[in-house]
Structure formats: C-alpha cells, structure tokens
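With PDB, C-alpha atoms inside, this is coords_10.pdb:
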ATOM      1  CA  MET A 350      73.142 117.299 124.204
ATOM      2  CA  HIS A 351      76.107 114.956 124.590
ATOM      3  CA  THR A 352      79.370 116.170 123.133
ATOM      4  CA  ASP A 353      80.980 112.762 122.525
ATOM      5  CA  THR A 354      81.390 113.074 118.770
ATOM      6  CA  ASP A 355      84.477 110.869 118.574
ATOM      7  CA  ARG A 356      82.299 107.895 117.711
ATOM      8  CA  GLN A 357      79.807 108.319 114.906
ATOM      9  CA  VAL A 358      76.652 106.291 115.407
ATOM     10  CA  ILE A 359      75.812 106.536 111.692
ATOM     11  CA  GLU A 360      78.323 106.861 108.857
ATOM     12  CA  VAL A 361      77.037 107.087 105.291
ATOM     13  CA  THR A 362      79.510 107.255 102.401
ATOM     14  CA  ALA A 363      78.601 107.720  98.715
ATOM     15  CA  LEU A 364      75.325 105.881  99.339
ATOM     16  CA  ARG A 365      73.190 104.815  96.382
ATOM     17  CA  ARG A 366      69.914 102.963  96.032
ATOM     18  CA  ARG A 367      68.518 101.895  92.694
ATOM     19  CA  TYR A 368      65.158 100.330  91.983
ATOM     20  CA  GLY A 369      65.474  98.164  88.882
ATOM     21  CA  SER A 370      68.314  96.188  87.358
ATOM     22  CA  PHE A 371      71.040  96.311  84.721
ATOM     23  CA  ARG A 372      70.709  95.232  81.104
ATOM     24  CA  SER A 373      73.550  93.842  79.018
ATOM     25  CA  ARG A 374      74.551  95.563  75.807
ATOM     26  CA  THR A 375      77.127  94.094  73.376
ATOM     27  CA  THR A 376      79.663  96.707  72.381
ATOM     28  CA  LYS A 377      82.620  94.781  70.896
ATOM     29  CA  SER A 378      84.172  91.318  70.629
ATOM     30  CA  ALA A 379      87.431  89.731  71.680
ATOM     31  CA  THR A 380      89.471  86.985  69.998
ATOM     32  CA  THR A 381      90.057  83.896  72.135
ATOM     33  CA  ALA A 382      93.170  81.680  72.136
ATOM     34  CA  ASN A 383      91.686  79.308  69.527
ATOM     35  CA  GLY A 384      90.885  82.165  67.136
ATOM     36  CA  THR A 385      87.151  82.433  67.711
ATOM     37  CA  LYS A 386      85.503  85.707  68.561
ATOM     38  CA  ARG A 387      83.595  86.218  71.808
ATOM     39  CA  PRO A 388      81.218  89.184  72.346
ATOM     40  CA  ILE A 389      81.963  91.486  75.256
ATOM     41  CA  GLY A 390      78.962  93.034  76.958
ATOM     42  CA  THR A 391      78.644  96.020  79.236
ATOM     43  CA  ALA A 392      76.041  96.479  81.971
ATOM     44  CA  THR A 393      73.801  99.500  81.477
ATOM     45  CA  PRO A 394      71.767 100.626  84.506
ATOM     46  CA  THR A 395      67.998 100.778  84.144
ATOM     47  CA  GLY A 396      65.185 101.632  86.515
ATOM     48  CA  PHE A 397      65.185 104.524  88.960
ATOM     49  CA  GLU A 398      68.000 105.728  91.219
ATOM     50  CA  ALA A 399      66.321 107.087  94.360
ATOM     51  CA  VAL A 400      69.523 107.830  96.302
ATOM     52  CA  ARG A 401      72.458 109.241  94.344
ATOM     53  CA  GLY A 402      75.728 109.138  96.228
ATOM     54  CA  ILE A 403      74.956 110.901  99.502
ATOM     55  CA  SER A 404      77.322 111.118 102.480
ATOM     56  CA  PHE A 405      76.662 112.235 106.064
ATOM     57  CA  THR A 406      77.315 111.267 109.676
ATOM     58  CA  VAL A 407      75.244 111.313 112.858
ATOM     59  CA  ALA A 408      77.088 111.681 116.154
ATOM     60  CA  ARG A 409      76.225 109.961 119.418
ATOM     61  CA  GLY A 410      73.567 111.864 121.358
ATOM     62  CA  GLU A 411      72.598 113.970 118.327
ATOM     63  CA  LEU A 412      69.160 114.571 116.851
ATOM     64  CA  PHE A 413      69.504 114.545 113.078
ATOM     65  CA  ALA A 414      66.565 115.473 110.829
ATOM     66  CA  LEU A 415      66.347 114.171 107.271
ATOM     67  CA  LEU A 416      64.040 116.338 105.165
ATOM     68  CA  GLY A 417      63.107 116.473 101.528
ATOM     69  CA  THR A 418      60.545 117.169  98.884
ATOM     70  CA  ASN A 419      58.216 114.326  97.863
ATOM     71  CA  GLY A 420      60.218 111.634  96.098
ATOM     72  CA  ALA A 421      63.515 113.101  97.281
ATOM     73  CA  GLY A 422      64.801 109.747  98.591
ATOM     74  CA  LYS A 423      64.258 110.140 102.359
ATOM     75  CA  THR A 424      62.366 106.879 102.851
ATOM     76  CA  SER A 425      64.800 104.953 100.658
ATOM     77  CA  THR A 426      67.698 106.321 102.711
ATOM     78  CA  VAL A 427      66.122 105.527 106.087
ATOM     79  CA  GLU A 428      65.308 101.974 104.990
ATOM     80  CA  LEU A 429      69.002 101.461 104.225
ATOM     81  CA  LEU A 430      69.947 102.845 107.642
ATOM     82  CA  GLU A 431      67.479 100.491 109.321
ATOM     83  CA  GLY A 432      68.921  97.508 107.461
ATOM     84  CA  LEU A 433      65.754  96.732 105.510
ATOM     85  CA  ALA A 434      67.641  96.629 102.206
ATOM     86  CA  ALA A 435      71.195  96.528 100.901
ATOM     87  CA  PRO A 436      72.557  99.629  99.154
ATOM     88  CA  SER A 437      73.179  99.569  95.407
ATOM     89  CA  GLY A 438      76.448 101.380  96.034
ATOM     90  CA  GLY A 439      78.424 103.097  98.760
ATOM     91  CA  GLN A 440      78.505 102.131 102.415
ATOM     92  CA  VAL A 441      76.365 102.405 105.552
ATOM     93  CA  ARG A 442      77.671 101.838 109.073
ATOM     94  CA  VAL A 443      75.257 101.930 112.012
ATOM     95  CA  LEU A 444      76.661 101.480 115.525
ATOM     96  CA  GLY A 445      79.838 100.220 113.881
ATOM     97  CA  HIS A 446      78.103  97.559 111.772
ATOM     98  CA  ASP A 447      76.629  97.045 108.333
ATOM     99  CA  PRO A 448      72.919  97.233 109.267
ATOM    100  CA  TYR A 449      71.874  94.830 106.498
ATOM    101  CA  ARG A 450      74.543  92.151 106.800
ATOM    102  CA  ASP A 451      74.894  92.447 110.604
ATOM    103  CA  ARG A 452      71.194  92.914 111.324
ATOM    104  CA  ALA A 453      71.278  90.593 114.359
ATOM    105  CA  ALA A 454      73.897  92.837 116.001
ATOM    106  CA  VAL A 455      72.172  96.126 115.127
ATOM    107  CA  ARG A 456      68.456  95.430 115.518
ATOM    108  CA  PRO A 457      68.356  94.981 119.348
ATOM    109  CA  ARG A 458      70.043  98.377 119.788
ATOM    110  CA  ILE A 459      67.687 100.471 117.668
ATOM    111  CA  GLY A 460      64.046 101.546 117.910
ATOM    112  CA  VAL A 461      61.884 102.273 114.898
ATOM    113  CA  MET A 462      58.683 104.300 114.840
ATOM    114  CA  LEU A 463      57.035 103.770 111.474
ATOM    115  CA  GLN A 464      54.418 106.033 109.910
ATOM    116  CA  GLU A 465      51.828 103.366 110.714
ATOM    117  CA  GLY A 466      52.274 100.420 113.065
ATOM    118  CA  GLY A 467      49.560  98.089 111.744
ATOM    119  CA  PHE A 468      48.635  96.637 115.144
ATOM    120  CA  PRO A 469      45.845  94.063 115.686
ATOM    121  CA  SER A 470      42.767  96.218 116.145
ATOM    122  CA  ASP A 471      41.032  94.007 118.728
ATOM    123  CA  LEU A 472      43.904  94.036 121.212
ATOM    124  CA  THR A 473      43.980  96.643 123.958
ATOM    125  CA  VAL A 474      46.809  99.130 124.306
ATOM    126  CA  LEU A 475      48.259  97.090 127.184
ATOM    127  CA  GLU A 476      47.964  93.778 125.328
ATOM    128  CA  THR A 477      49.644  95.282 122.272
ATOM    129  CA  ALA A 478      52.522  96.644 124.340
ATOM    130  CA  ARG A 479      52.961  93.332 126.178
ATOM    131  CA  MET A 480      53.007  91.440 122.885
ATOM    132  CA  TRP A 481      55.646  93.790 121.527
ATOM    133  CA  ALA A 482      57.697  93.612 124.722
ATOM    134  CA  GLY A 483      57.765  89.824 124.384
ATOM    135  CA  CYS A 484      59.570  90.242 121.055
ATOM    136  CA  THR A 485      61.986  92.899 122.351
ATOM    137  CA  THR A 486      65.397  92.210 123.870
ATOM    138  CA  GLY A 487      65.835  93.871 127.281
ATOM    139  CA  ALA A 488      62.435  95.585 127.179
ATOM    140  CA  ARG A 489      61.699  98.295 129.722
ATOM    141  CA  PRO A 490      58.521  97.824 131.830
ATOM    142  CA  VAL A 491      55.418  98.182 129.664
ATOM    143  CA  ALA A 492      53.796 100.533 132.181
ATOM    144  CA  GLU A 493      56.821 102.825 131.986
ATOM    145  CA  ALA A 494      56.687 103.006 128.177
ATOM    146  CA  LEU A 495      52.964 103.796 128.181
ATOM    147  CA  ASP A 496      53.442 106.440 130.849
ATOM    148  CA  MET A 497      56.211 108.112 128.831
ATOM    149  CA  VAL A 498      53.750 108.806 125.994
ATOM    150  CA  GLY A 499      50.713 109.589 128.138
ATOM    151  CA  LEU A 500      48.707 106.419 127.439
ATOM    152  CA  THR A 501      48.440 105.022 130.963
ATOM    153  CA  ALA A 502      44.793 106.048 131.304
ATOM    154  CA  ARG A 503      43.996 104.407 127.960
ATOM    155  CA  HIS A 504      45.702 101.066 128.593
ATOM    156  CA  GLN A 505      42.441  99.055 128.519
ATOM    157  CA  VAL A 506      41.128 100.645 125.316
ATOM    158  CA  ARG A 507      41.154  98.543 122.141
ATOM    159  CA  VAL A 508      43.466  99.790 119.409
ATOM    160  CA  LYS A 509      40.593 100.204 116.958
ATOM    161  CA  LEU A 510      38.979 102.734 119.309
ATOM    162  CA  LEU A 511      42.056 104.940 119.623
ATOM    163  CA  SER A 512      42.219 108.289 117.861
ATOM    164  CA  GLY A 513      44.840 108.813 115.175
ATOM    165  CA  GLY A 514      46.988 110.780 117.595
ATOM    166  CA  GLU A 515      46.736 108.080 120.257
ATOM    167  CA  ARG A 516      47.864 105.457 117.748
ATOM    168  CA  ARG A 517      50.910 107.591 116.988
ATOM    169  CA  ARG A 518      51.689 107.704 120.701
ATOM    170  CA  LEU A 519      51.347 103.918 120.877
ATOM    171  CA  ASP A 520      53.752 103.630 117.919
ATOM    172  CA  LEU A 521      56.250 105.744 119.863
ATOM    173  CA  ALA A 522      55.788 103.734 123.078
ATOM    174  CA  LEU A 523      56.613 100.494 121.258
ATOM    175  CA  ALA A 524      59.673 102.051 119.632
ATOM    176  CA  LEU A 525      60.917 102.989 123.114
ATOM    177  CA  LEU A 526      60.357  99.578 124.722
ATOM    178  CA  GLY A 527      63.869  98.342 123.989
ATOM    179  CA  ASN A 528      65.705 101.350 125.504
ATOM    180  CA  PRO A 529      67.244 102.008 122.075
ATOM    181  CA  GLU A 530      70.636 103.618 121.624
ATOM    182  CA  LEU A 531      69.460 104.812 118.203
ATOM    183  CA  LEU A 532      65.849 105.814 117.559
ATOM    184  CA  PHE A 533      64.282 106.337 114.124
ATOM    185  CA  LEU A 534      61.201 108.578 114.198
ATOM    186  CA  ASP A 535      59.168 108.675 110.981
ATOM    187  CA  GLU A 536      56.614 111.505 111.098
ATOM    188  CA  PRO A 537      56.202 111.123 114.900
ATOM    189  CA  THR A 538      53.610 113.881 115.457
ATOM    190  CA  THR A 539      51.276 113.341 112.513
ATOM    191  CA  GLY A 540      47.690 113.496 113.782
ATOM    192  CA  LEU A 541      48.559 114.938 117.176
ATOM    193  CA  ASP A 542      46.865 118.059 118.469
ATOM    194  CA  ALA A 543      49.004 121.084 119.335
ATOM    195  CA  GLU A 544      49.293 120.298 123.064
ATOM    196  CA  VAL A 545      50.239 116.633 122.641
ATOM    197  CA  ARG A 546      52.591 117.562 119.822
ATOM    198  CA  ARG A 547      54.509 119.892 122.156
ATOM    199  CA  GLU A 548      54.551 117.190 124.853
ATOM    200  CA  THR A 549      56.011 114.772 122.316
ATOM    201  CA  TRP A 550      58.688 117.321 121.443
ATOM    202  CA  GLU A 551      59.649 117.526 125.113
ATOM    203  CA  LEU A 552      59.838 113.727 125.347
ATOM    204  CA  VAL A 553      62.060 113.585 122.268
ATOM    205  CA  ARG A 554      64.326 116.261 123.766
ATOM    206  CA  ARG A 555      64.578 114.321 127.045
ATOM    207  CA  LEU A 556      65.518 111.153 125.181
ATOM    208  CA  ARG A 557      68.205 113.065 123.277
ATOM    209  CA  ASP A 558      69.520 114.650 126.469
ATOM    210  CA  GLN A 559      69.717 111.202 128.090
ATOM    211  CA  GLY A 560      72.029 110.036 125.286
ATOM    212  CA  THR A 561      69.685 108.517 122.706
ATOM    213  CA  THR A 562      70.725 109.272 119.139
ATOM    214  CA  ILE A 563      67.677 110.177 117.041
ATOM    215  CA  VAL A 564      67.040 110.289 113.307
ATOM    216  CA  LEU A 565      63.878 112.248 112.532
ATOM    217  CA  THR A 566      61.924 112.502 109.302
ATOM    218  CA  THR A 567      59.066 114.989 109.289
ATOM    219  CA  HIS A 568      57.003 117.178 106.984
ATOM    220  CA  TYR A 569      56.601 119.722 109.800
ATOM    221  CA  LEU A 570      59.476 122.097 109.189
ATOM    222  CA  ASP A 571      58.908 123.954 112.462
ATOM    223  CA  GLU A 572      59.370 120.583 114.179
ATOM    224  CA  ALA A 573      62.749 120.022 112.533
ATOM    225  CA  GLU A 574      63.780 123.600 113.295
ATOM    226  CA  ALA A 575      62.799 123.235 116.953
ATOM    227  CA  LEU A 576      64.311 119.795 117.579
ATOM    228  CA  ALA A 577      67.231 119.129 115.248
ATOM    229  CA  ASP A 578      70.861 119.630 116.200
ATOM    230  CA  ARG A 579      71.719 119.157 112.521
ATOM    231  CA  LEU A 580      69.708 118.365 109.420
ATOM    232  CA  ALA A 581      70.004 117.526 105.753
ATOM    233  CA  ILE A 582      67.573 118.425 102.982
ATOM    234  CA  MET A 583      67.351 115.940 100.107
ATOM    235  CA  HIS A 584      66.255 116.746  96.570
ATOM    236  CA  ARG A 585      66.151 114.226  93.724
ATOM    237  CA  GLY A 586      68.283 111.721  95.577
ATOM    238  CA  ARG A 587      70.998 114.141  96.650
ATOM    239  CA  ILE A 588      71.684 116.256  99.738
ATOM    240  CA  VAL A 589      71.384 119.885  98.654
ATOM    241  CA  ALA A 590      71.648 121.580 102.058
ATOM    242  CA  SER A 591      72.989 120.447 105.418
ATOM    243  CA  GLY A 592      74.180 121.783 108.746
ATOM    244  CA  THR A 593      72.521 123.206 111.831
ATOM    245  CA  PRO A 594      69.102 124.814 111.250
ATOM    246  CA  ALA A 595      70.776 128.215 111.683
ATOM    247  CA  GLU A 596      73.451 127.385 109.097
ATOM    248  CA  VAL A 597      70.893 126.190 106.551
ATOM    249  CA  THR A 598      68.738 129.288 106.940
ATOM    250  CA  ALA A 599      71.664 131.721 107.073
ATOM    251  CA  ALA A 600      72.115 131.408 103.308
ATOM    252  CA  ARG A 601      68.628 132.897 102.779
ATOM    253  CA  PRO A 602      67.807 136.594 103.169
ATOM    254  CA  ALA A 603      65.742 137.950 106.051
ATOM    255  CA  ARG A 604      62.465 139.718 105.279
ATOM    256  CA  ILE A 605      60.591 142.817 106.444
ATOM    257  CA  ARG A 606      56.895 143.240 105.617
ATOM    258  CA  PHE A 607      54.564 146.156 106.205
ATOM    259  CA  GLU A 608      51.833 148.243 104.596
ATOM    260  CA  LEU A 609      52.178 151.917 103.775
ATOM    261  CA  PRO A 610      49.337 154.314 104.642
ATOM    262  CA  PRO A 611      47.295 155.962 101.847
ATOM    263  CA  GLY A 612      49.107 158.780 100.121
ATOM    264  CA  VAL A 613      52.598 157.320 100.684
ATOM    265  CA  SER A 614      54.204 155.695  97.656
ATOM    266  CA  PRO A 615      56.738 152.833  97.850
ATOM    267  CA  ALA A 616      58.921 155.030  95.626
ATOM    268  CA  GLU A 617      59.490 157.279  98.661
ATOM    269  CA  LEU A 618      61.239 154.514 100.614
ATOM    270  CA  PRO A 619      65.023 154.820 101.118
ATOM    271  CA  LEU A 620      66.801 153.722  97.954
ATOM    272  CA  SER A 621      69.233 151.564  99.926
ATOM    273  CA  VAL A 622      66.348 149.358 101.158
ATOM    274  CA  PRO A 623      65.596 146.817  98.379
ATOM    275  CA  ALA A 624      61.791 146.777  98.434
ATOM    276  CA  ALA A 625      59.154 145.062  96.306
ATOM    277  CA  ALA A 626      55.621 146.428  96.475
ATOM    278  CA  THR A 627      52.142 145.236  95.556
ATOM    279  CA  GLY A 628      49.889 148.212  95.974
ATOM    280  CA  ARG A 629      50.601 149.528  99.469
ATOM    281  CA  ARG A 630      51.992 146.192 100.706
ATOM    282  CA  VAL A 631      55.788 146.150 100.806
ATOM    283  CA  GLU A 632      58.298 143.338 101.292
ATOM    284  CA  VAL A 633      62.017 143.879 101.833
ATOM    285  CA  ARG A 634      64.492 141.021 101.375
ATOM    286  CA  THR A 635      67.889 141.672 102.897
ATOM    287  CA  GLU A 636      70.979 139.995 104.271
ATOM    288  CA  ARG A 637      71.423 142.979 106.634
ATOM    289  CA  LEU A 638      68.264 142.744 108.698
ATOM    290  CA  GLN A 639      69.276 145.032 111.577
ATOM    291  CA  ALA A 640      70.759 147.724 109.349
ATOM    292  CA  ALA A 641      67.825 147.702 106.905
ATOM    293  CA  LEU A 642      65.250 147.753 109.703
ATOM    294  CA  THR A 643      67.032 150.603 111.484
ATOM    295  CA  GLU A 644      67.168 152.670 108.304
ATOM    296  CA  LEU A 645      63.514 151.970 107.577
ATOM    297  CA  LEU A 646      62.369 152.957 111.069
ATOM    298  CA  LEU A 647      64.410 156.152 111.041
ATOM    299  CA  TRP A 648      62.875 157.066 107.656
ATOM    300  CA  ALA A 649      59.374 156.358 108.996
ATOM    301  CA  ARG A 650      60.041 158.539 112.071
ATOM    302  CA  ASP A 651      61.393 161.419 110.036
ATOM    303  CA  LYS A 652      58.489 161.248 107.564
ATOM    304  CA  GLN A 653      55.934 160.581 110.324
ATOM    305  CA  VAL A 654      54.778 157.464 108.472
ATOM    306  CA  GLU A 655      53.157 154.508 110.245
ATOM    307  CA  LEU A 656      54.331 151.122 108.936
ATOM    308  CA  VAL A 657      51.139 149.132 109.385
ATOM    309  CA  GLY A 658      51.554 145.469 110.366
ATOM    310  CA  LEU A 659      55.333 145.720 110.542
ATOM    311  CA  ASP A 660      56.886 142.238 110.701
ATOM    312  CA  ALA A 661      60.626 141.586 110.547
ATOM    313  CA  ARG A 662      62.245 138.178 110.858
ATOM    314  CA  SER A 663      65.227 136.112 109.824
ATOM    315  CA  ALA A 664      64.775 133.439 107.174
ATOM    316  CA  SER A 665      63.075 130.286 108.414
ATOM    317  CA  LEU A 666      63.749 126.666 107.584
ATOM    318  CA  GLU A 667      60.385 126.649 105.825
ATOM    319  CA  GLU A 668      61.552 129.407 103.482
ATOM    320  CA  ALA A 669      64.774 127.520 102.729
ATOM    321  CA  PHE A 670      62.775 124.376 102.023
ATOM    322  CA  LEU A 671      60.283 126.216  99.800
ATOM    323  CA  ASP A 672      63.164 127.717  97.812
ATOM    324  CA  ILE A 673      64.382 124.179  97.107
ATOM    325  CA  ALA A 674      60.875 123.019  96.204
ATOM    326  CA  ALA A 675      60.444 126.030  93.900
ATOM    327  CA  GLY A 676      63.714 125.106  92.225
ATOM    328  CA  GLU A 677      62.353 121.617  91.611
ATOM    329  CA  ARG A 678      59.221 123.008  89.941
ATOM    330  CA  GLY A 679      61.401 125.227  87.799
ATOM    331  CA  GLU A 680      63.506 122.248  86.712
ATOM    332  CA  LEU A 681      60.417 120.261  85.784
ATOM    333  CA  ALA A 682      59.010 123.161  83.770
ATOM    334  CA  ALA A 683      62.255 123.765  81.899
TER     335      ALA A 683
END

structure tokens encoding of this file:
Amino acid sequence: MHTDTDRQVIEVTALRRRYGSFRSRTTKSATTANGTKRPIGTATPTGFEAVRGISFTVARGELFALLGTNGAGKTSTVELLEGLAAPSGGQVRVLGHDPYRDRAAVRPRIGVMLQEGGFPSDLTVLETARMWAGCTTGARPVAEALDMVGLTARHQVRVKLLSGGERRRLDLALALLGNPELLFLDEPTTGLDAEVRRETWELVRRLRDQGTTIVLTTHYLDEAEALADRLAIMHRGRIVASGTPAEVTAARPARIRFELPPGVSPAELPLSVPAAATGRRVEVRTERLQAALTELLLWARDKQVELVGLDARSASLEEAFLDIAAGERGELAA
C-alpha cells in the first residue's frame, strides 16, 4: 500500500443528502416602511434525510470500505462521491474537485463498477468492451482489460449467454478500461464462485498496490475484512464505527466456545471466566482472550475434563456489524 497520505483523494465534510423538499410555514410578520405588515416564513424540511452529516477521508492508494445495514445511506453517499447528485449540505471533494460541479474534470479519472451494468444482450463480450472503450478517455487495450478479469476465452460469447459471475467480471473489466486513479466497486463479487471471488480479491489488491485508490461497498463482511485498509460502518445515515478492521473489531469481546462432557456442570468452571451456558454448550465472552483461555485450559487439565469442539477467536467484523444491526432492531422495537 502506498504511504502518500499528504493528499486526500476523497474529502467528505458534514455531508448530507435529503430526498424531498422544504415547506414554508408562516411564524410571524414584520412591519414595512409604509406601515403594512408582511408575513415572514421559515423553511421546514420534509422528506427523508438519507445521509446525516458524515465526515471521512480516503487517502491516495488506500482501499476504503463503506458498509452499512439496509437503508443506512451507503448508496446515497457513493452517488454523491461519483458526482451523480449534489449534496443537500456539507462538502465533497474528489481528486481536488467538486465531483458534481466539476464532473468533466473528475469523470475521466475515475472508474465505476455498478451492481448491474445493463449491457446490450446481443453484443459479444469483445464488442461490448470495444464500445465502452470508444467512450473512455485514454482507454487501455481491450484485450488487456478482459485478460485482467479472466474473460479472454469468453470474448466471442454474447452477453446474454454469460453467467451472473461472468457479467460481474465484465462490469469490472469496463470499470478498469480507463486506468482509473480512483475506482468505485459496488458489490464486486456478487454471483462469483469461491475460486473466482478469491481471484478477484487478488486483482483488487494488485490494483491497490499499484496506486489505485479504491472505494468498496459490499455485503460480504469477510471481503471487507480481508481487503480494506480502513472502513466505515453506516447506520441510519450516520457513521457509527470507523477505522482499520482491527480497530473496529477491537471494541468487541473475543469469544470461546466449547461443550462440556456429561456429568460436568458449567457451575464448576472457574468463577473468573464469565461463561454463559445452554445445557452443556458454553460460550465465554472476554476482552482478555489469552488469559481466559489459559485459565480455562489449566482448569480442564487439572480436572481431566475434555472441552469438546473448543473454538477460541477474536471478535470478527461480522460480529461488530451484527451488534450494530441488533441495535437497529432494538431501536425499532422500542
């Protein structure tokens, strides 16, 4: 990863996006110079605010993942970064420009992989790529782009005959045609099998290592954990957690799971190990994983107890995300 963080490729400050308008409401009146009274109105916001004053930066050569529960505001945020709409409030700077007002300066320097490309179904893979290259400033050779995503052998196949995973790879090839400085990847591995998904991860890493700045949105939390240098988790239009994957997960306790053999009660476990049991199945949540595991193993040795299916691990990004999602359900039920 490049370490040139002096120049931020993306700078987002107090960003807001509202769907809807404002309605006027008369609250008081003022007396004019000729003695008549004039009503004074105030603008009251209506509609739905999808993005509520978020701020973050993305450094050059960084892979930044934007995650969130359904309806959290991810898509609305990315559309503002791509210059597809103007913000309702706050500021966005992409490559030093306002991406909406200065679209002509920004667009040739970015690549966008949408969730679905919507290509003409009767064109072949090669014809589609050539068509797209004709609309792209400084396009790399079409054959090179197709080779990067493993579609060379399928270049004469019509788009309508491609599998879902192959269409995703074509989407990625077209996003890469312009040698983008900044690449937006929206759910890049949806529909890919495990092997191709891992190959795509390696391609994304190579692009990052070569200096491409990448903004990733994904529902695969293991993907964000494996690829992201930093990430932000959105919830109801706000960023509720951010940092490196390790920093985000560090705030959650580690867990130890095992099953006790018949005749051994969870009440016999060391009192200093905070355990919850369902029958013989036990789960320990702790912020001191090594110490708790050591104490547990020493107890099991001394008591000659086998901890069946012992599994100990630090908190995962998935667990952090599920905690946030569970908080959302709790808010809705309250």

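Residues matched by the PyMOL selection byres ((chain A and resi 644-660) around 8) in this file: Ile605, Arg606, Phe607, Glu608, Leu609, Pro610, Leu618, Pro619, Val622, Ala640, Ala641, Leu642, Thr643, Ala661 and Arg662 of chain A.
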
Item to check | Resolved residues for the PyMOL selection byres ((chain A and resi 441) around 6) as a PyMOL selection string | outcome: chain A and resi 360-361+440+442

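Take CA of Arg517 in chain A and CA of Val491 in chain A: the distance between them is 16.4 Å.
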
Item to check | Residues within 9 Å of range 450-464 of chain A, only C-alpha atoms, excluding chain neighbours under 6 positions, as an NGL selection string | outcome: :A and (431-433 or 435 or 443-444 or 485-487 or 517 or 520-537 or 539)

Residue subset to file, keeping C-alpha atoms, as a PDB file, in the frame of the given file:
ATOM      1  CA  GLU A 431      67.479 100.491 109.321  1.00  0.00           C
ATOM      2  CA  GLY A 432      68.921  97.508 107.461  1.00  0.00           C
ATOM      3  CA  LEU A 433      65.754  96.732 105.510  1.00  0.00           C
ATOM      4  CA  ALA A 435      71.195  96.528 100.901  1.00  0.00           C
ATOM      5  CA  VAL A 443      75.257 101.930 112.012  1.00  0.00           C
ATOM      6  CA  LEU A 444      76.661 101.480 115.525  1.00  0.00           C
ATOM      7  CA  THR A 485      61.986  92.899 122.351  1.00  0.00           C
ATOM      8  CA  THR A 486      65.397  92.210 123.870  1.00  0.00           C
ATOM      9  CA  GLY A 487      65.835  93.871 127.281  1.00  0.00           C
ATOM     10  CA  ARG A 517      50.910 107.591 116.988  1.00  0.00           C
ATOM     11  CA  ASP A 520      53.752 103.630 117.919  1.00  0.00           C
ATOM     12  CA  LEU A 521      56.250 105.744 119.863  1.00  0.00           C
ATOM     13  CA  ALA A 522      55.788 103.734 123.078  1.00  0.00           C
ATOM     14  CA  LEU A 523      56.613 100.494 121.258  1.00  0.00           C
ATOM     15  CA  ALA A 524      59.673 102.051 119.632  1.00  0.00           C
ATOM     16  CA  LEU A 525      60.917 102.989 123.114  1.00  0.00           C
ATOM     17  CA  LEU A 526      60.357  99.578 124.722  1.00  0.00           C
ATOM     18  CA  GLY A 527      63.869  98.342 123.989  1.00  0.00           C
ATOM     19  CA  ASN A 528      65.705 101.350 125.504  1.00  0.00           C
ATOM     20  CA  PRO A 529      67.244 102.008 122.075  1.00  0.00           C
ATOM     21  CA  GLU A 530      70.636 103.618 121.624  1.00  0.00           C
ATOM     22  CA  LEU A 531      69.460 104.812 118.203  1.00  0.00           C
ATOM     23  CA  LEU A 532      65.849 105.814 117.559  1.00  0.00           C
ATOM     24  CA  PHE A 533      64.282 106.337 114.124  1.00  0.00           C
ATOM     25  CA  LEU A 534      61.201 108.578 114.198  1.00  0.00           C
ATOM     26  CA  ASP A 535      59.168 108.675 110.981  1.00  0.00           C
ATOM     27  CA  GLU A 536      56.614 111.505 111.098  1.00  0.00           C
ATOM     28  CA  PRO A 537      56.202 111.123 114.900  1.00  0.00           C
ATOM     29  CA  THR A 539      51.276 113.341 112.513  1.00  0.00           C
TER      30      THR A 539
END

Checklist entry - Which polymer residues have any atom within 12 Å of an atom of Gly410 in chain A, counting all atoms listed in the file, with same-chain residues fewer than 3 positions away left out, as a count of residues only? => result 31

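Pairwise distance (CA of Leu666 in chain A, CA of Thr598 in chain A) equals 5.7 Å.
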
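Reported to one decimal place, the separation of CA of Leu412 in chain A from CA of Leu565 in chain A is 7.2 Å.
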
Please, which residues in range 515-590 of chain A fall within 12 Å of range 501-506 of chain A when counting all atoms listed in the file, and what is the closest atom pair and distance in Å to one decimal for each, ordered by chain then residue number, as a Markdown table?
| residue | atom | partner | partner_atom | distance |
| --- | --- | --- | --- | --- |
| A:Glu515 | CA | A:Arg503 | CA | 9.0 |
| A:Arg516 | CA | A:Arg503 | CA | 11.0 |
| A:Arg518 | CA | A:Arg503 | CA | 11.1 |
| A:Leu519 | CA | A:His504 | CA | 10.0 |
| A:Ala522 | CA | A:Thr501 | CA | 10.9 |

Item to check | Glu667 in chain A environment, 12 Å, only C-alpha atoms, sequence neighbours closer than 2 positions dropped, as a ChimeraX atom specification | outcome: /A:416-418,568-575,582,594,597-598,601,663-665,669-675

Checklist entry - Counting all atoms listed in the file, what is within 12 Å of Arg401 in chain A, bar same-chain residues fewer than 4 positions away, as a PyMOL selection string? => result chain A and resi 362-368+397+421-423+425-426+436-439+583-589

Emit as lines of an AutoDock Vina configuration file the padded axis-aligned box for all listed atoms of range 634-648 of chain A, 6 Å per side, with centre and edge lengths in Å to one decimal.
center_x = 66.9
center_y = 148.5
center_z = 106.5
size_x = 21.1
size_y = 29.1
size_z = 22.2

Checklist entry - Using the chain letters and numbers from the file, which residues does the PyMOL selection byres ((chain A and resi 472) around 12) grab, as JSON, numbers by chain? => result {"A": [467, 468, 469, 470, 471, 473, 474, 475, 476, 477, 478, 479, 480, 481, 504, 505, 506, 507, 508, 509, 510, 511]}

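Using only C-alpha atoms, the nearest neighbour of Ser404 in chain A within the list A:Ala581, A:Ala626, A:Leu541, A:Ala600 is A:Ala581.
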
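The residue that comes closest to Gly592 in chain A, out of A:Leu430, A:Ala414, A:Leu495, A:Ala399 and on the basis of only C-alpha atoms, is A:Ala414.
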